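Q: The file below is upload_31.cif, mmCIF, C-alpha atoms:
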```
data_protein
loop_
_atom_site.group_PDB
_atom_site.id
_atom_site.type_symbol
_atom_site.label_atom_id
_atom_site.label_comp_id
_atom_site.auth_asym_id
_atom_site.auth_seq_id
_atom_site.Cartn_x
_atom_site.Cartn_y
_atom_site.Cartn_z
ATOM 1 C CA MET E 1 -128.250 -175.927 -17.089
ATOM 2 C CA SER E 2 -125.639 -174.398 -19.401
ATOM 3 C CA LYS E 3 -122.136 -173.523 -18.242
ATOM 4 C CA SER E 4 -122.632 -169.838 -19.124
ATOM 5 C CA ARG E 5 -125.828 -169.708 -17.028
ATOM 6 C CA ASN E 6 -123.984 -171.282 -14.081
ATOM 7 C CA ILE E 7 -121.266 -168.660 -14.340
ATOM 8 C CA PHE E 8 -123.895 -165.893 -14.498
ATOM 9 C CA LEU E 9 -125.652 -167.189 -11.358
ATOM 10 C CA LEU E 10 -122.349 -167.450 -9.502
ATOM 11 C CA PHE E 11 -121.564 -163.860 -10.519
ATOM 12 C CA LEU E 12 -124.945 -162.689 -9.165
ATOM 13 C CA LEU E 13 -124.320 -164.552 -5.919
ATOM 14 C CA PHE E 14 -120.904 -162.892 -5.675
ATOM 15 C CA LEU E 15 -122.485 -159.437 -6.113
ATOM 16 C CA LEU E 16 -125.098 -160.200 -3.455
ATOM 17 C CA LEU E 17 -122.455 -161.377 -0.991
ATOM 18 C CA LEU E 18 -120.350 -158.327 -1.771
ATOM 19 C CA GLY E 19 -123.363 -156.093 -1.063
ATOM 20 C CA CYS E 20 -124.045 -157.896 2.202
ATOM 21 C CA ASN E 21 -120.453 -157.353 3.293
ATOM 22 C CA LYS E 22 -120.509 -153.589 2.817
ATOM 23 C CA LYS E 23 -119.173 -152.011 5.959
ATOM 24 C CA ILE E 24 -121.652 -149.864 7.873
ATOM 25 C CA GLU E 25 -119.881 -146.938 9.473
ATOM 26 C CA ARG E 26 -120.781 -143.797 11.362
ATOM 27 C CA VAL E 27 -120.543 -140.594 9.320
ATOM 28 C CA ASP E 28 -120.295 -137.327 11.297
ATOM 29 C CA GLU E 29 -120.557 -133.680 10.282
ATOM 30 C CA GLU E 30 -120.488 -130.553 12.437
ATOM 31 C CA ARG E 31 -121.451 -126.978 11.508
ATOM 32 C CA PHE E 32 -122.212 -123.641 13.158
ATOM 33 C CA ALA E 33 -125.777 -122.226 13.325
ATOM 34 C CA PHE E 34 -127.973 -120.417 15.857
ATOM 35 C CA GLY E 35 -124.816 -119.230 17.606
ATOM 36 C CA THR E 36 -123.786 -122.803 18.477
ATOM 37 C CA TYR E 37 -122.528 -126.023 16.906
ATOM 38 C CA PHE E 38 -124.863 -128.618 15.402
ATOM 39 C CA LYS E 39 -123.650 -132.167 14.880
ATOM 40 C CA ILE E 40 -125.268 -134.799 12.679
ATOM 41 C CA SER E 41 -124.290 -138.476 12.747
ATOM 42 C CA VAL E 42 -125.713 -141.256 10.564
ATOM 43 C CA TYR E 43 -124.865 -144.927 10.134
ATOM 44 C CA SER E 44 -124.478 -145.892 6.481
ATOM 45 C CA ASP E 45 -122.708 -148.276 4.115
ATOM 46 C CA ASN E 46 -122.257 -145.437 1.607
ATOM 47 C CA LYS E 47 -120.225 -142.560 3.015
ATOM 48 C CA LYS E 48 -120.595 -140.343 -0.056
ATOM 49 C CA GLU E 49 -124.382 -140.707 -0.100
ATOM 50 C CA ALA E 50 -124.557 -140.196 3.672
ATOM 51 C CA LYS E 51 -122.720 -136.884 3.359
ATOM 52 C CA LYS E 52 -125.190 -135.714 0.702
ATOM 53 C CA ILE E 53 -128.089 -136.526 3.020
ATOM 54 C CA ILE E 54 -126.393 -134.753 5.921
ATOM 55 C CA ASP E 55 -125.905 -131.699 3.669
ATOM 56 C CA LYS E 56 -129.675 -131.617 3.045
ATOM 57 C CA ALA E 57 -130.337 -131.693 6.785
ATOM 58 C CA PHE E 58 -127.910 -128.826 7.379
ATOM 59 C CA ASP E 59 -129.557 -126.863 4.549
ATOM 60 C CA GLU E 60 -132.845 -127.228 6.436
ATOM 61 C CA ILE E 61 -131.261 -125.982 9.662
ATOM 62 C CA LYS E 62 -129.925 -122.938 7.817
ATOM 63 C CA ARG E 63 -133.337 -122.292 6.240
ATOM 64 C CA ILE E 64 -135.007 -122.196 9.656
ATOM 65 C CA ASP E 65 -132.251 -120.029 11.117
ATOM 66 C CA ASP E 66 -132.553 -117.494 8.284
ATOM 67 C CA LYS E 67 -136.351 -117.544 8.184
ATOM 68 C CA TYR E 68 -137.388 -117.404 11.854
ATOM 69 C CA ASN E 69 -134.450 -116.547 14.131
ATOM 70 C CA SER E 70 -135.253 -113.298 15.947
ATOM 71 C CA LYS E 71 -131.566 -112.357 15.839
ATOM 72 C CA VAL E 72 -131.295 -112.681 12.049
ATOM 73 C CA SER E 73 -132.013 -109.430 10.234
ATOM 74 C CA GLY E 74 -134.890 -109.833 7.793
ATOM 75 C CA SER E 75 -136.313 -113.009 9.365
ATOM 76 C CA LEU E 76 -140.076 -113.181 9.867
ATOM 77 C CA ILE E 77 -139.705 -112.750 13.637
ATOM 78 C CA ASP E 78 -137.307 -109.847 13.159
ATOM 79 C CA GLU E 79 -139.820 -108.183 10.819
ATOM 80 C CA LEU E 80 -142.623 -108.822 13.328
ATOM 81 C CA ASN E 81 -140.588 -107.226 16.125
ATOM 82 C CA LYS E 82 -139.930 -104.167 13.958
ATOM 83 C CA ASN E 83 -143.345 -103.724 12.337
ATOM 84 C CA GLN E 84 -145.711 -105.361 14.889
ATOM 85 C CA LYS E 85 -147.712 -107.052 12.142
ATOM 86 C CA VAL E 86 -146.554 -109.754 9.708
ATOM 87 C CA THR E 87 -148.251 -112.458 7.635
ATOM 88 C CA PHE E 88 -146.705 -115.845 8.400
ATOM 89 C CA ASP E 89 -146.808 -119.063 6.411
ATOM 90 C CA ASP E 90 -148.402 -122.197 7.905
ATOM 91 C CA GLU E 91 -145.075 -123.404 9.282
ATOM 92 C CA GLY E 92 -144.488 -120.169 11.185
ATOM 93 C CA ILE E 93 -148.015 -120.264 12.600
ATOM 94 C CA LEU E 94 -147.494 -123.874 13.734
ATOM 95 C CA ILE E 95 -144.332 -122.855 15.623
ATOM 96 C CA LEU E 96 -146.002 -119.872 17.311
ATOM 97 C CA LYS E 97 -149.042 -121.947 18.283
ATOM 98 C CA GLU E 98 -146.726 -124.398 20.070
ATOM 99 C CA VAL E 99 -145.173 -121.431 21.889
ATOM 100 C CA LYS E 100 -148.659 -120.229 22.825
ATOM 101 C CA LYS E 101 -149.540 -123.701 24.192
ATOM 102 C CA ALA E 102 -146.387 -123.633 26.330
ATOM 103 C CA TYR E 103 -147.265 -120.156 27.586
ATOM 104 C CA ASN E 104 -150.753 -121.318 28.587
ATOM 105 C CA LEU E 105 -149.478 -124.548 30.189
ATOM 106 C CA SER E 106 -147.115 -122.525 32.383
ATOM 107 C CA GLU E 107 -149.896 -120.061 33.238
ATOM 108 C CA GLY E 108 -147.844 -117.280 31.701
ATOM 109 C CA LYS E 109 -144.567 -118.065 33.481
ATOM 110 C CA TYR E 110 -142.901 -119.092 30.207
ATOM 111 C CA ASP E 111 -142.838 -115.910 28.129
ATOM 112 C CA VAL E 112 -140.830 -115.378 24.927
ATOM 113 C CA THR E 113 -141.104 -111.576 25.234
ATOM 114 C CA MET E 114 -138.592 -111.494 28.126
ATOM 115 C CA SER E 115 -135.893 -109.657 26.110
ATOM 116 C CA PRO E 116 -136.131 -106.385 28.103
ATOM 117 C CA LEU E 117 -135.396 -108.232 31.352
ATOM 118 C CA MET E 118 -132.775 -110.447 29.705
ATOM 119 C CA ASN E 119 -130.999 -107.411 28.287
ATOM 120 C CA LEU E 120 -131.173 -105.634 31.617
ATOM 121 C CA TRP E 121 -129.373 -108.529 33.302
ATOM 122 C CA GLY E 122 -126.754 -108.509 30.538
ATOM 123 C CA PHE E 123 -127.817 -111.622 28.620
ATOM 124 C CA SER E 124 -127.208 -110.096 25.216
ATOM 125 C CA GLU E 125 -124.195 -109.466 23.024
ATOM 126 C CA GLU E 126 -125.624 -106.025 22.277
ATOM 127 C CA VAL E 127 -125.392 -104.704 25.845
ATOM 128 C CA GLU E 128 -122.480 -104.020 28.128
ATOM 129 C CA PRO E 129 -121.798 -106.613 30.865
ATOM 130 C CA ARG E 130 -123.371 -105.628 34.171
ATOM 131 C CA THR E 131 -121.218 -104.735 37.145
ATOM 132 C CA THR E 132 -124.142 -104.290 39.563
ATOM 133 C CA ILE E 133 -127.454 -106.057 40.189
ATOM 134 C CA PRO E 134 -130.390 -104.297 38.464
ATOM 135 C CA THR E 135 -132.339 -102.010 40.749
ATOM 136 C CA GLU E 136 -135.998 -102.617 41.552
ATOM 137 C CA GLU E 137 -136.889 -99.545 39.505
ATOM 138 C CA GLU E 138 -134.955 -100.871 36.488
ATOM 139 C CA LEU E 139 -136.552 -104.311 36.807
ATOM 140 C CA ASN E 140 -140.085 -102.926 37.071
ATOM 141 C CA SER E 141 -139.523 -100.643 34.092
ATOM 142 C CA ALA E 142 -138.226 -103.512 31.911
ATOM 143 C CA ALA E 143 -141.071 -105.807 33.016
ATOM 144 C CA LYS E 144 -143.639 -103.398 31.555
ATOM 145 C CA LYS E 145 -142.490 -104.533 28.105
ATOM 146 C CA VAL E 146 -142.916 -108.251 28.868
ATOM 147 C CA ASP E 147 -146.298 -109.755 27.961
ATOM 148 C CA PHE E 148 -146.802 -112.530 25.427
ATOM 149 C CA SER E 149 -150.580 -112.179 25.802
ATOM 150 C CA LYS E 150 -150.217 -109.082 23.635
ATOM 151 C CA VAL E 151 -149.097 -111.283 20.706
ATOM 152 C CA GLU E 152 -152.167 -112.425 18.784
ATOM 153 C CA ILE E 153 -152.558 -114.885 15.930
ATOM 154 C CA GLU E 154 -155.350 -113.948 13.523
ATOM 155 C CA GLY E 155 -155.448 -116.545 10.748
ATOM 156 C CA ASN E 156 -151.968 -116.318 9.237
ATOM 157 C CA GLN E 157 -151.393 -112.808 10.501
ATOM 158 C CA VAL E 158 -149.430 -112.272 13.710
ATOM 159 C CA VAL E 159 -149.913 -108.963 15.513
ATOM 160 C CA ILE E 160 -148.107 -107.465 18.502
ATOM 161 C CA LYS E 161 -150.747 -105.280 20.143
ATOM 162 C CA GLU E 162 -148.435 -103.164 22.290
ATOM 163 C CA PRO E 163 -145.336 -101.153 21.238
ATOM 164 C CA GLY E 164 -142.038 -102.226 22.758
ATOM 165 C CA ILE E 165 -142.913 -105.918 23.059
ATOM 166 C CA THR E 166 -140.680 -108.258 21.024
ATOM 167 C CA ILE E 167 -140.321 -112.035 20.602
ATOM 168 C CA ASP E 168 -137.063 -113.870 21.258
ATOM 169 C CA THR E 169 -136.730 -117.313 19.646
ATOM 170 C CA GLY E 170 -133.748 -118.465 21.729
ATOM 171 C CA SER E 171 -135.684 -120.852 23.973
ATOM 172 C CA PHE E 172 -137.408 -122.899 21.262
ATOM 173 C CA LEU E 173 -136.281 -122.442 17.640
ATOM 174 C CA LYS E 174 -133.137 -124.558 17.939
ATOM 175 C CA GLY E 175 -135.317 -127.493 19.003
ATOM 176 C CA TYR E 176 -137.487 -127.048 15.930
ATOM 177 C CA ALA E 177 -134.402 -126.958 13.676
ATOM 178 C CA VAL E 178 -133.120 -130.203 15.211
ATOM 179 C CA GLU E 179 -136.527 -131.813 14.719
ATOM 180 C CA ARG E 180 -136.733 -130.729 11.081
ATOM 181 C CA ALA E 181 -133.200 -132.010 10.424
ATOM 182 C CA LYS E 182 -134.268 -135.381 11.849
ATOM 183 C CA ASN E 183 -137.304 -135.449 9.549
ATOM 184 C CA ILE E 184 -135.094 -134.780 6.509
ATOM 185 C CA LEU E 185 -132.755 -137.625 7.458
ATOM 186 C CA LYS E 186 -135.653 -140.051 7.954
ATOM 187 C CA ALA E 187 -137.253 -139.027 4.653
ATOM 188 C CA GLU E 188 -133.928 -139.828 2.954
ATOM 189 C CA GLY E 189 -133.952 -143.323 4.404
ATOM 190 C CA VAL E 190 -131.729 -142.951 7.461
ATOM 191 C CA LYS E 191 -132.619 -145.654 10.012
ATOM 192 C CA ASN E 192 -129.963 -144.895 12.634
ATOM 193 C CA GLY E 193 -128.823 -141.350 13.252
ATOM 194 C CA PHE E 194 -128.422 -138.503 15.643
ATOM 195 C CA VAL E 195 -128.805 -134.711 15.581
ATOM 196 C CA THR E 196 -127.566 -132.512 18.410
ATOM 197 C CA ALA E 197 -127.215 -128.835 19.162
ATOM 198 C CA ILE E 198 -125.752 -129.189 22.680
ATOM 199 C CA SER E 199 -128.991 -128.896 24.681
ATOM 200 C CA SER E 200 -131.355 -130.125 21.935
ATOM 201 C CA ILE E 201 -131.106 -133.710 20.693
ATOM 202 C CA GLU E 202 -132.938 -135.978 18.239
ATOM 203 C CA ALA E 203 -132.262 -139.715 18.023
ATOM 204 C CA ILE E 204 -133.290 -141.758 14.965
ATOM 205 C CA GLY E 205 -133.589 -145.427 15.908
ATOM 206 C CA GLY E 206 -130.631 -146.638 17.950
ATOM 207 C CA LYS E 207 -126.923 -146.940 17.230
ATOM 208 C CA GLY E 208 -125.592 -148.969 14.328
ATOM 209 C CA ASP E 209 -125.314 -152.100 16.495
ATOM 210 C CA GLY E 210 -128.974 -151.839 17.510
ATOM 211 C CA SER E 211 -128.329 -150.568 21.030
ATOM 212 C CA PRO E 212 -129.953 -147.322 22.237
ATOM 213 C CA TRP E 213 -128.119 -144.029 22.098
ATOM 214 C CA LYS E 214 -126.621 -143.281 25.509
ATOM 215 C CA ILE E 215 -126.478 -139.582 26.370
ATOM 216 C CA GLY E 216 -124.377 -138.287 29.232
ATOM 217 C CA ILE E 217 -126.180 -135.695 31.332
ATOM 218 C CA GLN E 218 -123.844 -133.015 32.632
ATOM 219 C CA ASN E 219 -123.552 -132.495 36.376
ATOM 220 C CA PRO E 220 -124.935 -128.946 36.914
ATOM 221 C CA ASN E 221 -122.358 -128.407 39.665
ATOM 222 C CA ASN E 222 -119.326 -129.563 37.678
ATOM 223 C CA SER E 223 -119.102 -129.375 33.875
ATOM 224 C CA SER E 224 -116.369 -132.024 33.792
ATOM 225 C CA GLU E 225 -118.578 -134.649 35.467
ATOM 226 C CA ILE E 226 -121.507 -136.742 34.248
ATOM 227 C CA LEU E 227 -124.586 -136.898 36.470
ATOM 228 C CA GLY E 228 -125.918 -139.960 34.693
ATOM 229 C CA ILE E 229 -126.877 -141.572 31.387
ATOM 230 C CA VAL E 230 -130.186 -141.297 29.514
ATOM 231 C CA GLU E 231 -131.066 -143.889 26.878
ATOM 232 C CA LEU E 232 -132.774 -142.666 23.709
ATOM 233 C CA ARG E 233 -134.344 -144.567 20.832
ATOM 234 C CA ASP E 234 -136.475 -142.620 18.334
ATOM 235 C CA GLN E 235 -136.807 -139.856 20.925
ATOM 236 C CA SER E 236 -136.076 -136.168 21.438
ATOM 237 C CA MET E 237 -134.382 -134.521 24.388
ATOM 238 C CA GLY E 238 -134.165 -130.940 25.639
ATOM 239 C CA VAL E 239 -132.030 -129.687 28.521
ATOM 240 C CA SER E 240 -132.184 -126.432 30.496
ATOM 241 C CA GLY E 241 -129.725 -125.676 33.269
ATOM 242 C CA ASP E 242 -128.544 -122.869 35.494
ATOM 243 C CA TYR E 243 -124.974 -123.552 34.345
ATOM 244 C CA GLN E 244 -125.546 -123.007 30.603
ATOM 245 C CA THR E 245 -125.660 -119.196 30.389
ATOM 246 C CA TYR E 246 -124.977 -116.799 33.235
ATOM 247 C CA VAL E 247 -123.510 -113.434 34.188
ATOM 248 C CA GLU E 248 -121.173 -112.888 37.106
ATOM 249 C CA ILE E 249 -121.755 -109.825 39.315
ATOM 250 C CA ASP E 250 -119.616 -109.179 42.383
ATOM 251 C CA GLY E 251 -118.343 -112.756 42.239
ATOM 252 C CA LYS E 252 -121.832 -114.329 42.175
ATOM 253 C CA LYS E 253 -123.362 -116.130 39.186
ATOM 254 C CA TYR E 254 -126.856 -115.257 37.948
ATOM 255 C CA HIS E 255 -128.277 -117.623 35.315
ATOM 256 C CA HIS E 256 -130.480 -116.723 32.362
ATOM 257 C CA ILE E 257 -133.781 -118.446 33.229
ATOM 258 C CA LEU E 258 -135.645 -115.589 34.862
ATOM 259 C CA ASP E 259 -138.773 -115.804 36.997
ATOM 260 C CA LYS E 260 -141.285 -113.416 35.482
ATOM 261 C CA GLU E 261 -142.706 -112.459 38.880
ATOM 262 C CA THR E 262 -139.507 -111.922 40.882
ATOM 263 C CA LYS E 263 -137.547 -110.784 37.786
ATOM 264 C CA TYR E 264 -134.592 -112.722 39.212
ATOM 265 C CA PRO E 265 -133.177 -116.101 38.147
ATOM 266 C CA VAL E 266 -135.246 -119.141 39.217
ATOM 267 C CA LYS E 267 -133.905 -120.466 42.526
ATOM 268 C CA ASP E 268 -135.551 -123.859 43.129
ATOM 269 C CA LYS E 269 -133.988 -125.836 40.242
ATOM 270 C CA LYS E 270 -130.567 -126.424 38.712
ATOM 271 C CA MET E 271 -131.507 -128.536 35.709
ATOM 272 C CA VAL E 272 -134.480 -129.923 33.807
ATOM 273 C CA VAL E 273 -134.233 -132.654 31.156
ATOM 274 C CA VAL E 274 -137.237 -133.468 28.947
ATOM 275 C CA VAL E 275 -137.512 -136.637 26.835
ATOM 276 C CA ASN E 276 -140.356 -136.999 24.338
ATOM 277 C CA LYS E 277 -141.041 -137.524 20.621
ATOM 278 C CA ASN E 278 -140.874 -133.922 19.387
ATOM 279 C CA GLY E 279 -137.750 -131.750 19.309
ATOM 280 C CA LEU E 280 -139.582 -128.423 19.367
ATOM 281 C CA GLN E 281 -141.635 -129.434 22.396
ATOM 282 C CA ALA E 282 -138.613 -130.952 24.184
ATOM 283 C CA ASP E 283 -136.746 -127.655 23.808
ATOM 284 C CA LEU E 284 -139.791 -125.638 24.860
ATOM 285 C CA TYR E 285 -140.766 -127.731 27.860
ATOM 286 C CA SER E 286 -137.278 -127.994 29.326
ATOM 287 C CA THR E 287 -137.578 -124.230 29.928
ATOM 288 C CA VAL E 288 -141.309 -124.295 30.717
ATOM 289 C CA PHE E 289 -140.800 -126.931 33.430
ATOM 290 C CA PHE E 290 -137.831 -125.034 34.876
ATOM 291 C CA LEU E 291 -140.283 -122.210 35.596
ATOM 292 C CA MET E 292 -143.119 -124.326 37.000
ATOM 293 C CA PRO E 293 -143.613 -125.885 40.463
ATOM 294 C CA LEU E 294 -141.889 -129.271 40.752
ATOM 295 C CA GLU E 295 -145.064 -131.117 41.794
ATOM 296 C CA LYS E 296 -146.918 -129.869 38.730
ATOM 297 C CA VAL E 297 -144.032 -130.841 36.429
ATOM 298 C CA LEU E 298 -143.974 -134.427 37.725
ATOM 299 C CA GLU E 299 -147.770 -134.662 37.540
ATOM 300 C CA ILE E 300 -147.762 -133.605 33.885
ATOM 301 C CA ALA E 301 -144.889 -135.935 32.989
ATOM 302 C CA ASN E 302 -146.439 -138.931 34.745
ATOM 303 C CA THR E 303 -149.838 -138.494 33.090
ATOM 304 C CA THR E 304 -148.720 -137.561 29.546
ATOM 305 C CA PRO E 305 -147.775 -140.405 27.147
ATOM 306 C CA ASN E 306 -144.224 -140.264 25.746
ATOM 307 C CA LEU E 307 -143.185 -137.441 28.072
ATOM 308 C CA ASP E 308 -140.514 -137.895 30.741
ATOM 309 C CA VAL E 309 -138.419 -135.583 32.884
ATOM 310 C CA ILE E 310 -135.393 -135.409 35.120
ATOM 311 C CA VAL E 311 -135.306 -132.491 37.559
ATOM 312 C CA VAL E 312 -132.372 -131.528 39.767
ATOM 313 C CA ASP E 313 -133.517 -129.157 42.502
ATOM 314 C CA GLU E 314 -131.572 -126.456 44.332
ATOM 315 C CA ASN E 315 -130.404 -129.012 46.918
ATOM 316 C CA ASP E 316 -129.122 -131.433 44.229
ATOM 317 C CA LYS E 317 -131.962 -133.885 44.796
ATOM 318 C CA ILE E 318 -132.869 -135.736 41.597
ATOM 319 C CA TYR E 319 -136.526 -136.278 40.673
ATOM 320 C CA LEU E 320 -137.503 -138.713 37.902
ATOM 321 C CA SER E 321 -140.781 -139.305 36.088
ATOM 322 C CA LYS E 322 -141.919 -142.920 36.221
ATOM 323 C CA ASP E 323 -140.807 -144.098 32.738
ATOM 324 C CA ILE E 324 -137.504 -142.261 32.247
ATOM 325 C CA LYS E 325 -134.536 -144.513 31.343
ATOM 326 C CA PHE E 326 -131.844 -142.901 33.494
ATOM 327 C CA GLN E 327 -128.777 -144.455 35.098
ATOM 328 C CA LYS E 328 -127.180 -142.304 37.778
ATOM 329 C CA LYS E 329 -123.378 -142.307 37.859
#
```
Would it be possible to restate this file's structure as structure tokens?
A:
Amino acid sequence: MSKSRNIFLLFLLFLLLLGCNKKIERVDEERFAFGTYFKISVYSDNKKEAKKIIDKAFDEIKRIDDKYNSKVSGSLIDELNKNQKVTFDDEGILILKEVKKAYNLSEGKYDVTMSPLMNLWGFSEEVEPRTTIPTEEELNSAAKKVDFSKVEIEGNQVVIKEPGITIDTGSFLKGYAVERAKNILKAEGVKNGFVTAISSIEAIGGKGDGSPWKIGIQNPNNSSEILGIVELRDQSMGVSGDYQTYVEIDGKKYHHILDKETKYPVKDKKMVVVVNKNGLQADLYSTVFFLMPLEKVLEIANTTPNLDVIVVDENDKIYLSKDIKFQKK
């Protein structure tokens, strides 16, 4: 073998070794959307390329926010609320069909047309904070404009059959945005990454060292404490709690997850955590299960593949589905 060929082979070996020694590091980016902060983390040996991929994921989050968020003027949901009839694309129909499935699963308890009651309690930036509890007359009047059964999907056309009924995307769209961001990252070759929007989380693979992502679950009674740790690997997580959003009236806190029948905040739970393989469904079902009887929630979780829950009841008792990876602190 010639000397020049030996030198060439040694040079190739050097390049291969150099490539193998590239440092894999965690690249993080945080941005504001949906009225909250989203954070994306990926492990990569090319920081510049990782940032480009993260930018694509954030572009997707912005697209969903602009296109479907009920609080964004000109979005498809905003136009539906104003005009009562709008033609959606296939993506929009897919989202609304998932919402419909959640509505049916909860036997109507989960209802995305709750805005009149939410506004009455003061859970809106557009209304003045309440200083008194709503009267029975006020609650009954607002409840007349709550009924998701009046929203019908006819092919790609969505129709609201009764004036005054509107859809609010706050309980599910963030989860879909997190899921879509995850799909963008995976399509771009990310093997280990993480997308979070506080209560909605998507994990791609595990951490850079191969271990699972470990997520601290907040103690619903004390925001500075961790209740326990959930391990995630290629999974989604959604969290609903009575501590996340609330109004204070006469020194008492009233949280935002309202029981459709009583028209008051749900009393029997403090927190629900859902772990599955789909960010939209994790976000949806964390609220759906908050509204459903505990026994039914555990039955569904224990008989549905890739679906697990943690429920903290009003007495701080923790209930776990059979396959959840949870370590209590």
Q: Could you state the separation of CA of Ile201 (chain E) and CA of Ile54 (chain E) in Å, given to one decimal place?
A: 15.5 Å
Q: Go ahead and compute the interatomic distance for CA of Gln84 (chain E) and CA of Leu258 (chain E), in Å to one decimal.
A: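 CA of Leu258 (chain E) lies 24.6 Å from CA of Gln84 (chain E).
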Q: Enumerate, as a VMD selection string, the residues matched when the PyMOL selection byres ((chain E and resi 118-134) around 8) is run on the file above.
A: chain E and resid 114 to 117 135 to 136 138 to 139 142 246 to 247 249 to 250 256 258
Q: Write out as a Markdown table the residues of region 108-194 of chain E that have any atom within 8 Å of an atom of region 26-47 of chain E, one row each with the nearest atom pair and its distance in Å to one decimal, counting all atoms listed in the file, sorted by chain and then rising number.
A:
```
| residue | atom | partner | partner_atom | distance |
| --- | --- | --- | --- | --- |
| E:Lys174 | CA | E:Phe34 | CA | 6.9 |
| E:Val190 | CA | E:Val42 | CA | 7.0 |
| E:Lys191 | CA | E:Tyr43 | CA | 7.8 |
| E:Asn192 | CA | E:Tyr43 | CA | 5.7 |
| E:Gly193 | CA | E:Val42 | CA | 4.1 |
| E:Phe194 | CA | E:Ser41 | CA | 5.0 |
```
Q: Report, in Å with one decimal, the straight-line distance from CA of Lys329 (chain E) to CA of Val274 (chain E).
A: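 About the pair CA of Lys329 (chain E) and CA of Val274 (chain E): they are 18.7 Å apart.
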Q: Need to verify the contact set: Ala57 (chain E), 6 Å, all atoms listed in the file, exclusion of same-chain residues closer than 2 positions in sequence. Can you return it as a list in words?
A: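 Near neighbours after the sequence-gap exclusion: Ile54, Asp55, Asp59, Glu60, Ala181 and Ile184 of chain E.
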Q: Which residues come within 8 Å of Leu298 (chain E), counting all atoms listed in the file, excluding same-chain residues fewer than 3 positions away, as a PDB file with C-alpha atoms, keeping the file's coordinate frame?
A:
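Output saved as around.pdb:
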```
ATOM      1  CA  LEU E 294    -141.889-129.271  40.752  1.00  0.00           C
ATOM      2  CA  GLU E 295    -145.064-131.117  41.794  1.00  0.00           C
ATOM      3  CA  ALA E 301    -144.889-135.935  32.989  1.00  0.00           C
ATOM      4  CA  ASN E 302    -146.439-138.931  34.745  1.00  0.00           C
ATOM      5  CA  VAL E 309    -138.419-135.583  32.884  1.00  0.00           C
ATOM      6  CA  LEU E 320    -137.503-138.713  37.902  1.00  0.00           C
ATOM      7  CA  SER E 321    -140.781-139.305  36.088  1.00  0.00           C
TER       8      SER E 321
END
```
Q: Could you tell me which of E:Gly74, E:Gly241, E:Pro265, E:Gly170 comes closest to Asn222 (chain E) if we count all atoms listed in the file?
A: E:Gly241
Q: Counting all atoms listed in the file, what is within 9 Å of region 86-100 of chain E, bar same-chain residues fewer than 6 positions away, as number ranges by chain?
A: E: 68, 76-77, 79-80, 110-112, 148-149, 153, 155-159, 172-173, 176, 280-281, 284
Q: Which is closest to Pro163 (chain E) among E:Val297, E:Val146, E:Met271, E:Val311, if we use all atoms listed in the file?
A: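 Closest to Pro163 (chain E), using all atoms listed in the file: E:Val146.
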Q: Given the file above and the PyMOL selection byres ((chain E and resi 313) around 6), which residues are selected, and can you give them as a list in words?
A: Asp268, Lys269, Lys270, Val312, Glu314, Asn315, Asp316 and Lys317 of chain E
Q: On this structure, the PyMOL selection byres ((chain E and resi 209) around 10) would catch which residues? List them as a list in words, sorted by chain and number.
A: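 Applied to this file, the PyMOL selection byres ((chain E and resi 209) around 10) selects Ile24, Tyr43, Asn192, Gly206, Lys207, Gly208, Gly210, Ser211 and Pro212 of chain E.
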Q: Could you check which of E:Gln218, E:Thr169, E:Asn140, E:Asn69 is closest to Lys328 (chain E), using all atoms listed in the file?
A: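 Looking at the shortest contact to Lys328 (chain E), the residue is E:Gln218.
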Q: Using only C-alpha atoms, which of the listed residues (E:Asp323, E:Asp78, E:Asn83, E:Lys252) sits closest to Ile160 (chain E)?
A: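 Closest to Ile160 (chain E), using only C-alpha atoms: E:Asn83.
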Q: Between E:Leu227, E:Met237, E:Gly251, E:Lys85, single out the one closest to Glu162 (chain E), counting only C-alpha atoms.
A: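 Closest residue, counting only C-alpha atoms: E:Lys85.
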